[in-house]
Amino acid sequence: MTTTSSALVIRPFVDADEAAVVRLWQACDLTRPWNDPHRDIDRKRGVQRELFLVGTIDEEIVAVAMGGYDGHRGWVYYVGVDPAHRRRGYATALFQAIEDRLIALGCPKLLLMVRDTNLQAAEFYRSIGYAEDPVVLFGKRLIADQ
Ligand SMILES: CC(C)(COP(=O)(O)OP(=O)(O)OC[C@H]1O[C@@H](n2cnc3c(N)ncnc32)[C@H](O)[C@@H]1OP(=O)(O)O)[C@@H](O)C(=O)NCCC(=O)NCCS
């Protein structure tokens, strides 16, 4: 468990967090019809769940990020901070916690996807040292969730 100076407590997700985490993702507009957040959490339970982190204030979940390491790159998904708790450094603290854990695993680079319309998130990532890579993302759905 990590406690930051801003009193945010960062810890791995536990099963009892599921409803609060999904509510937070919805409040952050991070859910999409083609991604069932409960199924996404179910999958993450079985794969590096220790990199799925939540940040709490007085035991209320106010920040979340789902990290992973595939042996070549680290990835982070579903990054969100409760709208009432933004601009207090919570996402920065969460990223520090994920980066520390990835470095401890020997992960050389962390990647993340940002929708090109999400200018505020892009500003946040730039502020903590991330830069755009000149790549186009290709994807193929292997399991349809809906
Ligand atoms: C992006 C997000 C996670 C940032 O969380 P946060 O806890 O408010 O971020 P921090 O307080 O750690 O911000 C650190 C710095 O990032 C930059 N930043 C953060 N939010 C910003 C915004 N809305 N506009 C411009 N810059 C911003 C600022 O430089 C900020 O430092 P400052 O407050 O001293 O100016 C949050 O706004 C959020 O949940 N957005 C909706 C969900 C989302 O878009 N997630 C990312 C998907 S890829």
# chains A, B, ... in the order shown; residues from 1 in each chain; ligands from 1
>>> residues_near_ligand(ligand="ligand 1", cutoff="6 Å", atoms="only C-alpha atoms and all ligand atoms", output="ChimeraX atom specification")
/A:28,79-81,86-92,113-114,120-121,123-124,127
>>> write_last_selection(atoms="N, CA, C and O atoms", output="PDB file, in the first residue's frame")
ATOM      1  N   CYS A  28     -16.463   8.901 -15.388  1.00  0.00           N
ATOM      2  CA  CYS A  28     -15.353   9.442 -16.189  1.00  0.00           C
ATOM      3  C   CYS A  28     -15.582   9.245 -17.681  1.00  0.00           C
ATOM      4  O   CYS A  28     -14.685   9.544 -18.491  1.00  0.00           O
ATOM      5  N   VAL A  79      -7.886   4.644 -17.038  1.00  0.00           N
ATOM      6  CA  VAL A  79      -7.384   5.628 -16.071  1.00  0.00           C
ATOM      7  C   VAL A  79      -8.478   6.660 -15.808  1.00  0.00           C
ATOM      8  O   VAL A  79      -8.936   7.330 -16.749  1.00  0.00           O
ATOM      9  N   GLY A  80      -8.881   6.793 -14.581  1.00  0.00           N
ATOM     10  CA  GLY A  80      -9.907   7.790 -14.278  1.00  0.00           C
ATOM     11  C   GLY A  80      -9.809   8.310 -12.859  1.00  0.00           C
ATOM     12  O   GLY A  80      -9.430   7.579 -11.941  1.00  0.00           O
ATOM     13  N   VAL A  81     -10.132   9.595 -12.721  1.00  0.00           N
ATOM     14  CA  VAL A  81     -10.213  10.225 -11.400  1.00  0.00           C
ATOM     15  C   VAL A  81     -11.598  10.833 -11.283  1.00  0.00           C
ATOM     16  O   VAL A  81     -12.090  11.477 -12.235  1.00  0.00           O
ATOM     17  N   ARG A  86     -10.466  16.032  -9.183  1.00  0.00           N
ATOM     18  CA  ARG A  86      -9.403  16.238 -10.200  1.00  0.00           C
ATOM     19  C   ARG A  86      -8.496  17.412  -9.835  1.00  0.00           C
ATOM     20  O   ARG A  86      -8.832  18.231  -8.999  1.00  0.00           O
ATOM     21  N   ARG A  87      -7.370  17.472 -10.515  1.00  0.00           N
ATOM     22  CA  ARG A  87      -6.347  18.524 -10.362  1.00  0.00           C
ATOM     23  C   ARG A  87      -5.795  18.575  -8.940  1.00  0.00           C
ATOM     24  O   ARG A  87      -5.430  19.623  -8.438  1.00  0.00           O
ATOM     25  N   ARG A  88      -5.720  17.409  -8.312  1.00  0.00           N
ATOM     26  CA  ARG A  88      -5.095  17.329  -6.991  1.00  0.00           C
ATOM     27  C   ARG A  88      -3.881  16.412  -7.009  1.00  0.00           C
ATOM     28  O   ARG A  88      -3.385  16.007  -5.957  1.00  0.00           O
ATOM     29  N   GLY A  89      -3.473  16.023  -8.214  1.00  0.00           N
ATOM     30  CA  GLY A  89      -2.293  15.177  -8.332  1.00  0.00           C
ATOM     31  C   GLY A  89      -2.564  13.692  -8.150  1.00  0.00           C
ATOM     32  O   GLY A  89      -1.633  12.887  -8.085  1.00  0.00           O
ATOM     33  N   TYR A  90      -3.843  13.288  -8.132  1.00  0.00           N
ATOM     34  CA  TYR A  90      -4.137  11.875  -7.867  1.00  0.00           C
ATOM     35  C   TYR A  90      -3.740  10.977  -9.039  1.00  0.00           C
ATOM     36  O   TYR A  90      -3.182   9.893  -8.836  1.00  0.00           O
ATOM     37  N   ALA A  91      -4.044  11.403 -10.255  1.00  0.00           N
ATOM     38  CA  ALA A  91      -3.645  10.574 -11.401  1.00  0.00           C
ATOM     39  C   ALA A  91      -2.118  10.507 -11.498  1.00  0.00           C
ATOM     40  O   ALA A  91      -1.549   9.453 -11.816  1.00  0.00           O
ATOM     41  N   THR A  92      -1.468  11.603 -11.202  1.00  0.00           N
ATOM     42  CA  THR A  92       0.006  11.604 -11.213  1.00  0.00           C
ATOM     43  C   THR A  92       0.535  10.587 -10.197  1.00  0.00           C
ATOM     44  O   THR A  92       1.451   9.807 -10.498  1.00  0.00           O
ATOM     45  N   MET A 113      -3.197   4.290 -24.601  1.00  0.00           N
ATOM     46  CA  MET A 113      -3.980   4.811 -25.727  1.00  0.00           C
ATOM     47  C   MET A 113      -4.862   5.951 -25.239  1.00  0.00           C
ATOM     48  O   MET A 113      -5.459   5.848 -24.172  1.00  0.00           O
ATOM     49  N   VAL A 114      -4.919   6.996 -26.044  1.00  0.00           N
ATOM     50  CA  VAL A 114      -5.761   8.151 -25.722  1.00  0.00           C
ATOM     51  C   VAL A 114      -6.606   8.442 -26.956  1.00  0.00           C
ATOM     52  O   VAL A 114      -6.059   8.565 -28.060  1.00  0.00           O
ATOM     53  N   GLN A 120      -7.764  16.800 -22.922  1.00  0.00           N
ATOM     54  CA  GLN A 120      -7.392  16.993 -21.519  1.00  0.00           C
ATOM     55  C   GLN A 120      -6.517  15.851 -21.024  1.00  0.00           C
ATOM     56  O   GLN A 120      -5.525  16.083 -20.316  1.00  0.00           O
ATOM     57  N   ALA A 121      -6.889  14.627 -21.419  1.00  0.00           N
ATOM     58  CA  ALA A 121      -6.046  13.494 -21.020  1.00  0.00           C
ATOM     59  C   ALA A 121      -4.661  13.623 -21.663  1.00  0.00           C
ATOM     60  O   ALA A 121      -3.648  13.355 -21.014  1.00  0.00           O
ATOM     61  N   GLU A 123      -3.087  16.320 -22.352  1.00  0.00           N
ATOM     62  CA  GLU A 123      -2.333  17.309 -21.556  1.00  0.00           C
ATOM     63  C   GLU A 123      -1.808  16.685 -20.274  1.00  0.00           C
ATOM     64  O   GLU A 123      -0.678  16.933 -19.852  1.00  0.00           O
ATOM     65  N   PHE A 124      -2.668  15.872 -19.640  1.00  0.00           N
ATOM     66  CA  PHE A 124      -2.220  15.198 -18.413  1.00  0.00           C
ATOM     67  C   PHE A 124      -1.001  14.322 -18.712  1.00  0.00           C
ATOM     68  O   PHE A 124       0.029  14.409 -18.018  1.00  0.00           O
ATOM     69  N   SER A 127       2.109  16.153 -19.208  1.00  0.00           N
ATOM     70  CA  SER A 127       2.605  16.772 -17.964  1.00  0.00           C
ATOM     71  C   SER A 127       3.415  15.794 -17.126  1.00  0.00           C
ATOM     72  O   SER A 127       4.224  16.210 -16.301  1.00  0.00           O
TER      73      SER A 127
END
>>> residues_around(residues="Leu137 (chain A)", least_positions_apart="2", cutoff="12 Å", atoms="only C-alpha atoms", output="compact mmCIF listing (two decimals) with C-alpha atoms, in the first residue's frame")
# COMPACT_ATOMS: atom_id res chain seq x y z
CA LEU A 111 2.34 2.64 -23.48
CA LEU A 112 -1.21 3.90 -23.33
CA MET A 113 -3.98 4.81 -25.73
CA VAL A 114 -5.76 8.15 -25.72
CA ARG A 115 -8.73 8.92 -27.96
CA ASP A 116 -7.67 11.70 -30.30
CA ASP A 133 4.69 7.94 -30.73
CA PRO A 134 4.36 8.10 -34.54
CA VAL A 135 2.31 4.93 -34.87
CA GLY A 139 -6.72 -3.84 -33.50
CA LYS A 140 -8.76 -6.97 -34.09
>>> select_by_dssp(residues="chain A", states="strand (DSSP E)", output="PyMOL selection string")
chain A and resi 2-3+9-12+52-57+60-69+74-81+110-112
>>> closest_residue(among="A:Ala7, A:Asp36, A:Phe95, A:His85", to="Asp58 (chain A)", atoms="only C-alpha atoms")
A:Ala7
>>> residues_around(residues="Leu102 (chain A)", least_positions_apart="2", cutoff="12 Å", atoms="only C-alpha atoms", output="PDB file with N, CA and C atoms, in the first residue's frame")
ATOM      1  N   GLN A  48      -2.249 -10.617 -13.678  1.00  0.00           N
ATOM      2  CA  GLN A  48      -1.555  -9.481 -13.039  1.00  0.00           C
ATOM      3  C   GLN A  48      -2.517  -8.544 -12.328  1.00  0.00           C
ATOM      4  N   GLU A  50      -2.378  -7.548  -9.511  1.00  0.00           N
ATOM      5  CA  GLU A  50      -1.640  -6.650  -8.611  1.00  0.00           C
ATOM      6  C   GLU A  50      -1.278  -5.330  -9.293  1.00  0.00           C
ATOM      7  N   LEU A  51      -1.438  -5.272 -10.639  1.00  0.00           N
ATOM      8  CA  LEU A  51      -1.172  -4.014 -11.356  1.00  0.00           C
ATOM      9  C   LEU A  51      -2.463  -3.235 -11.637  1.00  0.00           C
ATOM     10  N   PHE A  52      -3.549  -3.702 -11.121  1.00  0.00           N
ATOM     11  CA  PHE A  52      -4.851  -3.018 -11.219  1.00  0.00           C
ATOM     12  C   PHE A  52      -4.993  -2.240  -9.907  1.00  0.00           C
ATOM     13  N   GLY A  67      -3.168  -1.569 -14.969  1.00  0.00           N
ATOM     14  CA  GLY A  67      -1.871  -1.735 -15.628  1.00  0.00           C
ATOM     15  C   GLY A  67      -1.574  -3.193 -15.970  1.00  0.00           C
ATOM     16  N   GLY A  68      -0.564  -3.380 -16.814  1.00  0.00           N
ATOM     17  CA  GLY A  68      -0.131  -4.730 -17.157  1.00  0.00           C
ATOM     18  C   GLY A  68       1.247  -4.685 -17.803  1.00  0.00           C
ATOM     19  N   TYR A  69       1.901  -5.841 -17.864  1.00  0.00           N
ATOM     20  CA  TYR A  69       3.227  -5.957 -18.503  1.00  0.00           C
ATOM     21  C   TYR A  69       3.230  -7.251 -19.304  1.00  0.00           C
ATOM     22  N   ASP A  70       3.505  -7.143 -20.623  1.00  0.00           N
ATOM     23  CA  ASP A  70       3.421  -8.346 -21.463  1.00  0.00           C
ATOM     24  C   ASP A  70       4.788  -8.964 -21.729  1.00  0.00           C
ATOM     25  N   GLY A  71       5.821  -8.505 -21.003  1.00  0.00           N
ATOM     26  CA  GLY A  71       7.162  -9.041 -21.197  1.00  0.00           C
ATOM     27  C   GLY A  71       7.986  -8.188 -22.146  1.00  0.00           C
ATOM     28  N   HIS A  72       7.350  -7.222 -22.817  1.00  0.00           N
ATOM     29  CA  HIS A  72       8.056  -6.306 -23.724  1.00  0.00           C
ATOM     30  C   HIS A  72       7.696  -4.864 -23.409  1.00  0.00           C
ATOM     31  N   ARG A  73       6.413  -4.599 -23.240  1.00  0.00           N
ATOM     32  CA  ARG A  73       5.931  -3.263 -22.915  1.00  0.00           C
ATOM     33  C   ARG A  73       4.919  -3.339 -21.779  1.00  0.00           C
ATOM     34  N   GLY A  74       4.852  -2.253 -21.027  1.00  0.00           N
ATOM     35  CA  GLY A  74       3.771  -2.109 -20.069  1.00  0.00           C
ATOM     36  C   GLY A  74       2.636  -1.350 -20.730  1.00  0.00           C
ATOM     37  N   TRP A  75       1.430  -1.605 -20.272  1.00  0.00           N
ATOM     38  CA  TRP A  75       0.260  -0.903 -20.785  1.00  0.00           C
ATOM     39  C   TRP A  75      -0.586  -0.426 -19.612  1.00  0.00           C
ATOM     40  N   VAL A  76      -1.310   0.633 -19.806  1.00  0.00           N
ATOM     41  CA  VAL A  76      -2.252   1.052 -18.781  1.00  0.00           C
ATOM     42  C   VAL A  76      -3.561   1.455 -19.449  1.00  0.00           C
ATOM     43  N   PHE A  95      -0.017   7.023 -11.448  1.00  0.00           N
ATOM     44  CA  PHE A  95       0.965   6.649 -12.469  1.00  0.00           C
ATOM     45  C   PHE A  95       2.330   6.367 -11.841  1.00  0.00           C
ATOM     46  N   GLN A  96       2.707   7.172 -10.854  1.00  0.00           N
ATOM     47  CA  GLN A  96       3.988   6.915 -10.191  1.00  0.00           C
ATOM     48  C   GLN A  96       3.984   5.510  -9.597  1.00  0.00           C
ATOM     49  N   ALA A  97       2.861   5.147  -8.994  1.00  0.00           N
ATOM     50  CA  ALA A  97       2.756   3.820  -8.371  1.00  0.00           C
ATOM     51  C   ALA A  97       2.836   2.722  -9.432  1.00  0.00           C
ATOM     52  N   ILE A  98       2.165   2.909 -10.559  1.00  0.00           N
ATOM     53  CA  ILE A  98       2.207   1.890 -11.620  1.00  0.00           C
ATOM     54  C   ILE A  98       3.613   1.823 -12.219  1.00  0.00           C
ATOM     55  N   GLU A  99       4.198   2.977 -12.487  1.00  0.00           N
ATOM     56  CA  GLU A  99       5.554   2.981 -13.067  1.00  0.00           C
ATOM     57  C   GLU A  99       6.542   2.292 -12.118  1.00  0.00           C
ATOM     58  N   ASP A 100       6.453   2.565 -10.823  1.00  0.00           N
ATOM     59  CA  ASP A 100       7.356   1.914  -9.858  1.00  0.00           C
ATOM     60  C   ASP A 100       7.221   0.400  -9.934  1.00  0.00           C
ATOM     61  N   ALA A 104      10.036  -2.293 -11.339  1.00  0.00           N
ATOM     62  CA  ALA A 104      10.467  -3.420 -10.491  1.00  0.00           C
ATOM     63  C   ALA A 104      10.376  -4.742 -11.249  1.00  0.00           C
ATOM     64  N   LEU A 105       9.474  -4.816 -12.244  1.00  0.00           N
ATOM     65  CA  LEU A 105       9.344  -6.035 -13.054  1.00  0.00           C
ATOM     66  C   LEU A 105      10.309  -6.040 -14.244  1.00  0.00           C
ATOM     67  N   GLY A 106      11.055  -4.937 -14.436  1.00  0.00           N
ATOM     68  CA  GLY A 106      11.992  -4.848 -15.557  1.00  0.00           C
ATOM     69  C   GLY A 106      11.362  -4.328 -16.830  1.00  0.00           C
ATOM     70  N   CYS A 107      10.195  -3.739 -16.740  1.00  0.00           N
ATOM     71  CA  CYS A 107       9.486  -3.235 -17.932  1.00  0.00           C
ATOM     72  C   CYS A 107      10.180  -1.965 -18.448  1.00  0.00           C
ATOM     73  N   PRO A 108      10.634  -1.958 -19.733  1.00  0.00           N
ATOM     74  CA  PRO A 108      11.402  -0.806 -20.216  1.00  0.00           C
ATOM     75  C   PRO A 108      10.573   0.371 -20.716  1.00  0.00           C
ATOM     76  N   LYS A 109       9.306   0.167 -21.062  1.00  0.00           N
ATOM     77  CA  LYS A 109       8.531   1.280 -21.614  1.00  0.00           C
ATOM     78  C   LYS A 109       7.046   1.059 -21.348  1.00  0.00           C
ATOM     79  N   LEU A 110       6.385   2.141 -21.009  1.00  0.00           N
ATOM     80  CA  LEU A 110       4.935   2.078 -20.744  1.00  0.00           C
ATOM     81  C   LEU A 110       4.183   2.775 -21.878  1.00  0.00           C
ATOM     82  N   LEU A 111       3.166   2.108 -22.391  1.00  0.00           N
ATOM     83  CA  LEU A 111       2.341   2.645 -23.476  1.00  0.00           C
ATOM     84  C   LEU A 111       0.902   2.817 -22.999  1.00  0.00           C
TER      85      LEU A 111
END
>>> residues_around(residues="region 39-42 of chain A", least_positions_apart="4", cutoff="10 Å", atoms="only C-alpha atoms", output="mmCIF file with C-alpha atoms, in the first residue's frame")
data_model
loop_
_atom_site.group_PDB
_atom_site.id
_atom_site.type_symbol
_atom_site.label_atom_id
_atom_site.label_comp_id
_atom_site.auth_asym_id
_atom_site.auth_seq_id
_atom_site.Cartn_x
_atom_site.Cartn_y
_atom_site.Cartn_z
ATOM 1 C CA PHE A 13 -8.042 -3.683 -6.563
ATOM 2 C CA ASP A 15 -13.212 -7.888 -5.463
ATOM 3 C CA GLU A 18 -15.969 -3.765 -8.448
ATOM 4 C CA VAL A 21 -14.795 1.072 -9.878
ATOM 5 C CA VAL A 22 -17.425 0.623 -12.605
ATOM 6 C CA ASN A 35 -16.439 -3.205 -23.628
ATOM 7 C CA GLY A 46 -6.741 -13.701 -13.536
ATOM 8 C CA VAL A 47 -3.878 -11.704 -15.098
ATOM 9 C CA ARG A 49 -4.322 -8.210 -10.811
ATOM 10 C CA PHE A 52 -4.851 -3.018 -11.219
ATOM 11 C CA MET A 66 -5.498 -0.934 -14.848
ATOM 12 C CA ASP A 145 -18.515 -9.240 -25.514
#
>>> select_by_dssp(residues="region 53-117 of chain A", states="helix (DSSP H, G or I)", output="list of chain:residue names")
A:Pro83, A:Ala84, A:His85, A:Tyr90, A:Ala91, A:Thr92, A:Ala93, A:Leu94, A:Phe95, A:Gln96, A:Ala97, A:Ile98, A:Glu99, A:Asp100, A:Arg101, A:Leu102, A:Ile103, A:Ala104
>>> write_last_selection(atoms="N, CA and C atoms", output="PDB file, in the first residue's frame")
ATOM      1  N   PRO A  83     -14.577  13.131 -11.022  1.00  0.00           N
ATOM      2  CA  PRO A  83     -14.601  14.549 -11.419  1.00  0.00           C
ATOM      3  C   PRO A  83     -14.483  15.515 -10.240  1.00  0.00           C
ATOM      4  N   ALA A  84     -14.974  15.121  -9.067  1.00  0.00           N
ATOM      5  CA  ALA A  84     -14.918  16.025  -7.899  1.00  0.00           C
ATOM      6  C   ALA A  84     -13.523  16.059  -7.260  1.00  0.00           C
ATOM      7  N   HIS A  85     -12.620  15.212  -7.748  1.00  0.00           N
ATOM      8  CA  HIS A  85     -11.295  15.126  -7.106  1.00  0.00           C
ATOM      9  C   HIS A  85     -10.153  15.387  -8.078  1.00  0.00           C
ATOM     10  N   TYR A  90      -3.843  13.288  -8.132  1.00  0.00           N
ATOM     11  CA  TYR A  90      -4.137  11.875  -7.867  1.00  0.00           C
ATOM     12  C   TYR A  90      -3.740  10.977  -9.039  1.00  0.00           C
ATOM     13  N   ALA A  91      -4.044  11.403 -10.255  1.00  0.00           N
ATOM     14  CA  ALA A  91      -3.645  10.574 -11.401  1.00  0.00           C
ATOM     15  C   ALA A  91      -2.118  10.507 -11.498  1.00  0.00           C
ATOM     16  N   THR A  92      -1.468  11.603 -11.202  1.00  0.00           N
ATOM     17  CA  THR A  92       0.006  11.604 -11.213  1.00  0.00           C
ATOM     18  C   THR A  92       0.535  10.587 -10.197  1.00  0.00           C
ATOM     19  N   ALA A  93      -0.056  10.578  -9.006  1.00  0.00           N
ATOM     20  CA  ALA A  93       0.389   9.639  -7.962  1.00  0.00           C
ATOM     21  C   ALA A  93       0.121   8.197  -8.377  1.00  0.00           C
ATOM     22  N   LEU A  94      -1.024   7.976  -9.023  1.00  0.00           N
ATOM     23  CA  LEU A  94      -1.364   6.622  -9.468  1.00  0.00           C
ATOM     24  C   LEU A  94      -0.360   6.135 -10.522  1.00  0.00           C
ATOM     25  N   PHE A  95      -0.017   7.023 -11.448  1.00  0.00           N
ATOM     26  CA  PHE A  95       0.965   6.649 -12.469  1.00  0.00           C
ATOM     27  C   PHE A  95       2.330   6.367 -11.841  1.00  0.00           C
ATOM     28  N   GLN A  96       2.707   7.172 -10.854  1.00  0.00           N
ATOM     29  CA  GLN A  96       3.988   6.915 -10.191  1.00  0.00           C
ATOM     30  C   GLN A  96       3.984   5.510  -9.597  1.00  0.00           C
ATOM     31  N   ALA A  97       2.861   5.147  -8.994  1.00  0.00           N
ATOM     32  CA  ALA A  97       2.756   3.820  -8.371  1.00  0.00           C
ATOM     33  C   ALA A  97       2.836   2.722  -9.432  1.00  0.00           C
ATOM     34  N   ILE A  98       2.165   2.909 -10.559  1.00  0.00           N
ATOM     35  CA  ILE A  98       2.207   1.890 -11.620  1.00  0.00           C
ATOM     36  C   ILE A  98       3.613   1.823 -12.219  1.00  0.00           C
ATOM     37  N   GLU A  99       4.198   2.977 -12.487  1.00  0.00           N
ATOM     38  CA  GLU A  99       5.554   2.981 -13.067  1.00  0.00           C
ATOM     39  C   GLU A  99       6.542   2.292 -12.118  1.00  0.00           C
ATOM     40  N   ASP A 100       6.453   2.565 -10.823  1.00  0.00           N
ATOM     41  CA  ASP A 100       7.356   1.914  -9.858  1.00  0.00           C
ATOM     42  C   ASP A 100       7.221   0.400  -9.934  1.00  0.00           C
ATOM     43  N   ARG A 101       5.980  -0.070 -10.014  1.00  0.00           N
ATOM     44  CA  ARG A 101       5.760  -1.518 -10.060  1.00  0.00           C
ATOM     45  C   ARG A 101       6.277  -2.108 -11.371  1.00  0.00           C
ATOM     46  N   LEU A 102       6.078  -1.392 -12.484  1.00  0.00           N
ATOM     47  CA  LEU A 102       6.556  -1.899 -13.779  1.00  0.00           C
ATOM     48  C   LEU A 102       8.085  -1.917 -13.834  1.00  0.00           C
ATOM     49  N   ILE A 103       8.701  -0.870 -13.302  1.00  0.00           N
ATOM     50  CA  ILE A 103      10.176  -0.839 -13.286  1.00  0.00           C
ATOM     51  C   ILE A 103      10.701  -2.008 -12.459  1.00  0.00           C
ATOM     52  N   ALA A 104      10.036  -2.293 -11.339  1.00  0.00           N
ATOM     53  CA  ALA A 104      10.467  -3.420 -10.491  1.00  0.00           C
ATOM     54  C   ALA A 104      10.376  -4.742 -11.249  1.00  0.00           C
TER      55      ALA A 104
END
>>> closest_residue(among="A:Leu53, A:Leu8, A:Ile61, A:Ala131", to="Ala20 (chain A)", atoms="only C-alpha atoms")
A:Ile61
>>> atom_distance(atom1="CA of Arg126 (chain A)", atom2="CA of Gln26 (chain A)")
24.0 Å
